[in-house]
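Novice: Here's a structure for you.
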Amino acid sequence: MSNTDSSVDKRVSGTSERREQIIQRLRQQGSVQVNDLSGLFGVSTVTIRNDLAFLEKQGIAVRAYGGALICDGNTPGIEPSVEDKSSLNTAVKRRIAKAAVEFIKPGHRVILDSGTTTYEIARLLRQHSDVIAMTNGMNVANALLEAEGVELLMTGGHLRRQSQSFYGDQAEQSLQNYHFDMLFLGVDAIDLERGISTHNEDEARLNRRMSEVAEKIIVVTDSSKFNRSSLHKIIDMHRVDIIIVDEGIPQESLEGLRKIGVDVILVALAE
């Protein structure tokens, strides 16, 4: 462990920030060691093992003897719950949401996909007026309950408790008579060749329908979702107009997105 490492990461406080730093080290090094991380962050080895167990559940890492390895980007992984997702990369998601709401003006009609980043967008919409928002996410709808300037529409459908979202024929049909200015789409995995994908077939189908009725598709995601692929494809990358992501995005992904004409907006990893 280098002197530079210890001087940088000792400042990290809180579970979410520590896990963000661990993800960055996994990306840079390919693997991490429990004892190194324990000394780096000044926490117990038990705490670090809990962090690595959480990242394994997220499909980001695979635990190995004495540490963990970064997951192969082609591994679908296990779908985490909304509660698990909400505790990871929270600070980055809020910065992404802050950049996202700048696109929403009075008179706009928007779709907010279910998810933890779109939930952060919904929280900021409480200050907006003359906006129509449709969502399939229970958490997103709850965040908009006190937003008096936002007319809230729900897709309805069958509830998936794992993701706190609605899906199915009713949800898809509820979109067919609408036209929206923009869709804010949260994602599970992004690969430049394979496109945007998710763990659940029904959610992928609903997301495709959302994409069809929106004038502009804006993807909101943290950089940990890049170079990964889940089982069910939503859309190809060339369909995306804008991606809002943190500056931890792999350089080759950033260059590839710009090459195909996707507008990439970068937010800081830390303030």
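Each chain in the structure tokens gets a letter, A, B and so on, in the order shown; residues start at 1 in every chain, and ligands are counted from 1 in the order they appear.
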Contacts of Ile48 of chain A at 12 Å or less, counting only C-alpha atoms, minus same-chain residues fewer than 2 places along, as number ranges by chain?

Specialist: A: 15, 18-19, 21-22, 32-46, 50-55, 63, 66-68

Novice: Write a file of the just-selected residues containing N, CA, C and O atoms, as a compact mmCIF listing (two decimals), in the first residue's frame.

Specialist:
# COMPACT_ATOMS: atom_id res chain seq x y z
N THR A 15 -20.36 4.52 4.78
CA THR A 15 -20.37 3.26 4.04
C THR A 15 -20.43 3.48 2.53
O THR A 15 -19.68 2.86 1.78
N ARG A 18 -17.15 4.78 1.07
CA ARG A 18 -16.10 3.75 1.12
C ARG A 18 -16.30 2.72 0.01
O ARG A 18 -15.35 2.32 -0.66
N ARG A 19 -17.55 2.33 -0.20
CA ARG A 19 -17.82 1.34 -1.25
C ARG A 19 -17.56 1.91 -2.64
O ARG A 19 -17.09 1.19 -3.53
N GLN A 21 -15.21 4.03 -3.31
CA GLN A 21 -13.75 3.98 -3.44
C GLN A 21 -13.27 2.56 -3.73
O GLN A 21 -12.34 2.36 -4.53
N ILE A 22 -13.90 1.58 -3.11
CA ILE A 22 -13.51 0.19 -3.35
C ILE A 22 -13.78 -0.19 -4.80
O ILE A 22 -12.98 -0.86 -5.45
N VAL A 32 -8.77 -6.58 -4.98
CA VAL A 32 -8.45 -5.88 -3.73
C VAL A 32 -8.25 -6.91 -2.63
O VAL A 32 -8.73 -8.04 -2.72
N GLN A 33 -7.52 -6.50 -1.59
CA GLN A 33 -7.26 -7.37 -0.45
C GLN A 33 -7.92 -6.79 0.80
O GLN A 33 -7.89 -5.57 1.03
N VAL A 34 -8.51 -7.66 1.61
CA VAL A 34 -9.22 -7.23 2.81
C VAL A 34 -8.31 -6.45 3.75
O VAL A 34 -8.65 -5.36 4.23
N ASN A 35 -7.13 -6.98 4.02
CA ASN A 35 -6.22 -6.33 4.97
C ASN A 35 -5.77 -4.95 4.48
O ASN A 35 -5.66 -4.00 5.27
N ASP A 36 -5.51 -4.86 3.18
CA ASP A 36 -5.11 -3.56 2.61
C ASP A 36 -6.22 -2.53 2.78
O ASP A 36 -5.99 -1.38 3.18
N LEU A 37 -7.45 -2.94 2.45
CA LEU A 37 -8.58 -2.02 2.55
C LEU A 37 -8.88 -1.63 3.99
O LEU A 37 -9.24 -0.49 4.28
N SER A 38 -8.71 -2.58 4.90
CA SER A 38 -8.93 -2.30 6.32
C SER A 38 -8.00 -1.20 6.81
O SER A 38 -8.41 -0.25 7.48
N GLY A 39 -6.72 -1.31 6.43
CA GLY A 39 -5.76 -0.28 6.82
C GLY A 39 -6.00 1.03 6.10
O GLY A 39 -5.86 2.12 6.67
N LEU A 40 -6.39 0.94 4.85
CA LEU A 40 -6.61 2.12 4.01
C LEU A 40 -7.72 3.01 4.56
O LEU A 40 -7.60 4.23 4.62
N PHE A 41 -8.82 2.37 4.96
CA PHE A 41 -9.99 3.13 5.41
C PHE A 41 -10.12 3.23 6.93
O PHE A 41 -11.02 3.90 7.43
N GLY A 42 -9.24 2.55 7.65
CA GLY A 42 -9.30 2.62 9.10
C GLY A 42 -10.52 1.96 9.70
O GLY A 42 -11.08 2.45 10.68
N VAL A 43 -10.97 0.86 9.10
CA VAL A 43 -12.12 0.10 9.61
C VAL A 43 -11.70 -1.35 9.78
O VAL A 43 -10.65 -1.77 9.33
N SER A 44 -12.56 -2.12 10.45
CA SER A 44 -12.22 -3.52 10.73
C SER A 44 -12.30 -4.38 9.47
O SER A 44 -12.96 -4.02 8.49
N THR A 45 -11.63 -5.53 9.52
CA THR A 45 -11.70 -6.47 8.40
C THR A 45 -13.12 -7.01 8.23
O THR A 45 -13.54 -7.33 7.12
N VAL A 46 -13.87 -7.09 9.33
CA VAL A 46 -15.26 -7.53 9.25
C VAL A 46 -16.08 -6.55 8.42
O VAL A 46 -16.89 -6.94 7.57
N ASN A 50 -17.96 -7.23 4.81
CA ASN A 50 -19.36 -6.90 4.57
C ASN A 50 -19.51 -6.06 3.30
O ASN A 50 -20.44 -6.24 2.52
N ASP A 51 -18.57 -5.13 3.12
CA ASP A 51 -18.58 -4.32 1.90
C ASP A 51 -18.43 -5.20 0.66
O ASP A 51 -19.15 -5.04 -0.33
N LEU A 52 -17.48 -6.13 0.71
CA LEU A 52 -17.23 -6.99 -0.45
C LEU A 52 -18.40 -7.94 -0.70
O LEU A 52 -18.73 -8.24 -1.86
N ALA A 53 -19.05 -8.39 0.38
CA ALA A 53 -20.24 -9.22 0.23
C ALA A 53 -21.36 -8.45 -0.46
O ALA A 53 -22.08 -8.97 -1.32
N PHE A 54 -21.49 -7.17 -0.10
CA PHE A 54 -22.50 -6.32 -0.72
C PHE A 54 -22.21 -6.13 -2.20
O PHE A 54 -23.10 -6.23 -3.06
N LEU A 55 -20.94 -5.86 -2.54
CA LEU A 55 -20.56 -5.66 -3.94
C LEU A 55 -20.72 -6.94 -4.75
O LEU A 55 -21.03 -6.90 -5.95
N ARG A 63 -15.95 -12.50 -4.50
CA ARG A 63 -15.02 -12.69 -3.39
C ARG A 63 -14.06 -13.85 -3.64
O ARG A 63 -14.44 -14.89 -4.19
N GLY A 66 -8.99 -13.91 0.82
CA GLY A 66 -8.31 -12.71 1.30
C GLY A 66 -8.74 -11.41 0.65
O GLY A 66 -8.21 -10.36 0.97
N GLY A 67 -9.74 -11.47 -0.26
CA GLY A 67 -10.15 -10.24 -0.92
C GLY A 67 -11.26 -10.47 -1.92
O GLY A 67 -12.17 -11.25 -1.68
N ALA A 68 -11.17 -9.79 -3.07
CA ALA A 68 -12.20 -9.91 -4.10
C ALA A 68 -11.62 -9.54 -5.45
O ALA A 68 -10.65 -8.79 -5.55

Novice: Could you name the residues that touch segment 142-154 of chain A at 8 Å or less, counting only C-alpha atoms, but leaving out those on the same chain fewer than 5 positions away, as a ChimeraX atom specification?

Specialist: /A:119,122-123,125-136

Novice: Using all heavy atoms, can you export the residues from the last selection as a CSV table (one decimal), in the first residue's frame?

Specialist:
chain,number,residue,atom,x,y,z
A,119,TYR,N,-35.3,8.3,-8.6
A,119,TYR,CA,-35.9,8.7,-7.4
A,119,TYR,C,-35.3,10.0,-6.9
A,119,TYR,O,-36.0,10.9,-6.5
A,119,TYR,CB,-35.7,7.6,-6.3
A,119,TYR,CG,-35.9,8.1,-4.9
A,119,TYR,CD1,-37.2,8.3,-4.4
A,119,TYR,CD2,-34.8,8.5,-4.1
A,119,TYR,CE1,-37.4,8.7,-3.1
A,119,TYR,CE2,-35.0,9.0,-2.8
A,119,TYR,CZ,-36.3,9.1,-2.3
A,119,TYR,OH,-36.5,9.5,-1.0
A,122,ALA,N,-36.8,12.8,-8.9
A,122,ALA,CA,-38.1,13.1,-8.4
A,122,ALA,C,-38.0,14.0,-7.2
A,122,ALA,O,-38.9,14.9,-7.0
A,122,ALA,CB,-38.8,11.8,-8.1
A,123,ARG,N,-37.1,13.7,-6.3
A,123,ARG,CA,-36.9,14.6,-5.1
A,123,ARG,C,-36.7,16.0,-5.5
A,123,ARG,O,-37.3,16.9,-4.9
A,123,ARG,CB,-35.8,14.0,-4.2
A,123,ARG,CG,-36.1,12.7,-3.6
A,123,ARG,CD,-34.9,12.2,-2.8
A,123,ARG,NE,-34.5,13.1,-1.7
A,123,ARG,CZ,-33.5,13.9,-1.6
A,123,ARG,NH1,-32.6,13.9,-2.5
A,123,ARG,NH2,-33.2,14.6,-0.5
A,125,LEU,N,-37.6,17.5,-8.3
A,125,LEU,CA,-38.8,18.0,-9.0
A,125,LEU,C,-39.8,18.7,-8.1
A,125,LEU,O,-40.7,19.3,-8.6
A,125,LEU,CB,-39.4,16.9,-9.8
A,125,LEU,CG,-38.8,16.6,-11.2
A,125,LEU,CD1,-39.6,15.5,-11.9
A,125,LEU,CD2,-38.8,17.8,-12.1
A,126,ARG,N,-39.6,18.5,-6.8
A,126,ARG,CA,-40.6,19.1,-5.9
A,126,ARG,C,-40.5,20.7,-6.0
A,126,ARG,O,-41.5,21.3,-5.6
A,126,ARG,CB,-40.2,18.7,-4.4
A,126,ARG,CG,-40.4,17.3,-4.1
A,126,ARG,CD,-39.9,16.9,-2.8
A,126,ARG,NE,-40.0,15.4,-2.5
A,126,ARG,CZ,-39.3,14.8,-1.5
A,126,ARG,NH1,-38.6,15.5,-0.7
A,126,ARG,NH2,-39.5,13.5,-1.4
A,127,GLN,N,-39.5,21.2,-6.5
A,127,GLN,CA,-39.3,22.6,-6.7
A,127,GLN,C,-39.8,23.1,-8.1
A,127,GLN,O,-39.8,24.3,-8.3
A,127,GLN,CB,-37.9,23.0,-6.5
A,127,GLN,CG,-37.2,22.5,-5.2
A,127,GLN,CD,-38.0,22.9,-4.0
A,127,GLN,OE1,-38.4,24.1,-3.9
A,127,GLN,NE2,-38.1,22.0,-3.0
A,128,HIS,N,-40.2,22.2,-8.9
A,128,HIS,CA,-40.6,22.6,-10.3
A,128,HIS,C,-42.1,22.8,-10.3
A,128,HIS,O,-42.9,22.4,-9.4
A,128,HIS,CB,-40.3,21.4,-11.3
A,128,HIS,CG,-38.8,21.5,-11.7
A,128,HIS,ND1,-37.8,21.4,-10.7
A,128,HIS,CD2,-38.2,21.5,-12.9
A,128,HIS,CE1,-36.6,21.4,-11.4
A,128,HIS,NE2,-36.9,21.5,-12.7
A,129,SER,N,-42.6,23.4,-11.4
A,129,SER,CA,-44.0,23.7,-11.6
A,129,SER,C,-44.4,23.4,-13.1
A,129,SER,O,-43.5,23.5,-14.0
A,129,SER,CB,-44.4,25.1,-11.3
A,129,SER,OG,-43.6,26.0,-12.1
A,130,ASP,N,-45.6,23.1,-13.3
A,130,ASP,CA,-46.2,22.9,-14.7
A,130,ASP,C,-45.4,21.8,-15.4
A,130,ASP,O,-45.1,21.9,-16.5
A,130,ASP,CB,-46.1,24.2,-15.5
A,130,ASP,CG,-46.9,24.1,-16.8
A,130,ASP,OD1,-47.8,23.3,-16.8
A,130,ASP,OD2,-46.6,24.9,-17.7
A,131,VAL,N,-45.3,20.7,-14.7
A,131,VAL,CA,-44.6,19.5,-15.3
A,131,VAL,C,-45.6,18.3,-15.1
A,131,VAL,O,-46.2,18.1,-14.1
A,131,VAL,CB,-43.3,19.2,-14.5
A,131,VAL,CG1,-42.7,17.8,-15.0
A,131,VAL,CG2,-42.3,20.3,-14.8
A,132,ILE,N,-45.6,17.5,-16.1
A,132,ILE,CA,-46.4,16.2,-16.1
A,132,ILE,C,-45.3,15.1,-16.0
A,132,ILE,O,-44.4,15.0,-16.9
A,132,ILE,CB,-47.3,16.0,-17.3
A,132,ILE,CG1,-48.4,17.1,-17.3
A,132,ILE,CG2,-48.0,14.6,-17.2
A,132,ILE,CD1,-49.2,17.1,-18.5
A,133,ALA,N,-45.4,14.2,-15.0
A,133,ALA,CA,-44.5,13.1,-14.9
A,133,ALA,C,-45.2,11.8,-14.8
A,133,ALA,O,-46.1,11.7,-13.9
A,133,ALA,CB,-43.6,13.3,-13.7
A,134,MET,N,-44.8,10.8,-15.6
A,134,MET,CA,-45.4,9.5,-15.5
A,134,MET,C,-44.2,8.6,-15.0
A,134,MET,O,-43.1,8.7,-15.4
A,134,MET,CB,-45.9,9.0,-16.8
A,134,MET,CG,-46.4,7.5,-16.7
A,134,MET,SD,-47.2,6.9,-18.3
A,134,MET,CE,-48.9,7.3,-17.8
A,135,THR,N,-44.6,7.6,-14.1
A,135,THR,CA,-43.6,6.7,-13.6
A,135,THR,C,-44.2,5.3,-13.4
A,135,THR,O,-45.4,5.2,-13.2
A,135,THR,CB,-43.0,7.2,-12.3
A,135,THR,OG1,-41.9,6.3,-11.9
A,135,THR,CG2,-44.0,7.3,-11.2
A,136,ASN,N,-43.4,4.3,-13.4
A,136,ASN,CA,-43.8,2.9,-13.0
A,136,ASN,C,-43.2,2.6,-11.7
A,136,ASN,O,-43.3,1.4,-11.3
A,136,ASN,CB,-43.4,1.9,-14.1
A,136,ASN,CG,-41.9,1.8,-14.2
A,136,ASN,OD1,-41.1,2.8,-14.2
A,136,ASN,ND2,-41.4,0.6,-14.3

Novice: Calculated over only C-alpha atoms, which of the candidates A:Glu102, A:Asp113, A:Asp202, A:Asp191 has the smallest distance to Thr155 of chain A?

Specialist: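 Nearest candidate to Thr155 of chain A out of A:Glu102, A:Asp113, A:Asp202, A:Asp191: A:Asp113.
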
Novice: Determine which residues of segment 32-267 of chain A receive a DSSP assignment of strand (DSSP E or B), computed from the backbone, and state them as a ChimeraX atom specification.

Specialist: /A:32-33,61-64,67-70,109-112,131-135,137,150-154,158-160,165-167,180-186,189-191,195-198,214-220,226,232-235,242-246,263-267

Novice: Could you go through segment 30-269 of chain A and tell me which residues DSSP, when run on the backbone, assigns to helix (DSSP H, G or I), listing them as an NGL selection string?

Specialist: :A and (34-41 or 45-57 or 82-86 or 90-101 or 116-127 or 138-143 or 169-173 or 201-212 or 223-225 or 237-239 or 251-259)

Novice: Which residues come within 12 Å of Ile218 of chain A, counting only C-alpha atoms, excluding same-chain residues fewer than 2 positions away, as an MDAnalysis selection string?

Specialist: chainID A and resid 96:97 99:101 103:104 110:113 118 181:187 210:211 214:216 220:221 237:245 262:265

Novice: Have a look at atom CA of Leu269 of chain A and atom CA of Gly137 of chain A and let me know their distance in Å, one decimal.

Specialist: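 Going from atom CA of Leu269 of chain A over to atom CA of Gly137 of chain A covers 26.1 Å.
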
Novice: From the list A:Arg49, A:His108, A:Arg160, A:Lys225, which residue is nearest Val62 of chain A when using only C-alpha atoms?

Specialist: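 Closest to Val62 of chain A of all the choices is A:Arg49.
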
Novice: Measure the distance from atom CA of Arg109 of chain A to atom CA of Asp246 of chain A in Å and round it to one decimal.

Specialist: 25.7 Å

Novice: Quick check, in Å to one decimal: how far apart do atom CA of Arg205 of chain A and atom CA of Asp222 of chain A lie?

Specialist: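 Distance reported for this atom pair: 22.4 Å.
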
Novice: If you count only C-alpha atoms, which residues fall within 9 Å of Gly157 of chain A, apart from same-chain ones fewer than 4 positions away, as number ranges by chain?

Specialist: A: 136, 165-172, 174

Novice: With distances taken over only C-alpha atoms, which of A:Gly261, A:Pro106, A:Pro250, A:Gly115 is nearest to Gln24 of chain A?

Specialist: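 Of the candidates, the smallest distance to Gln24 of chain A is held by A:Pro250.
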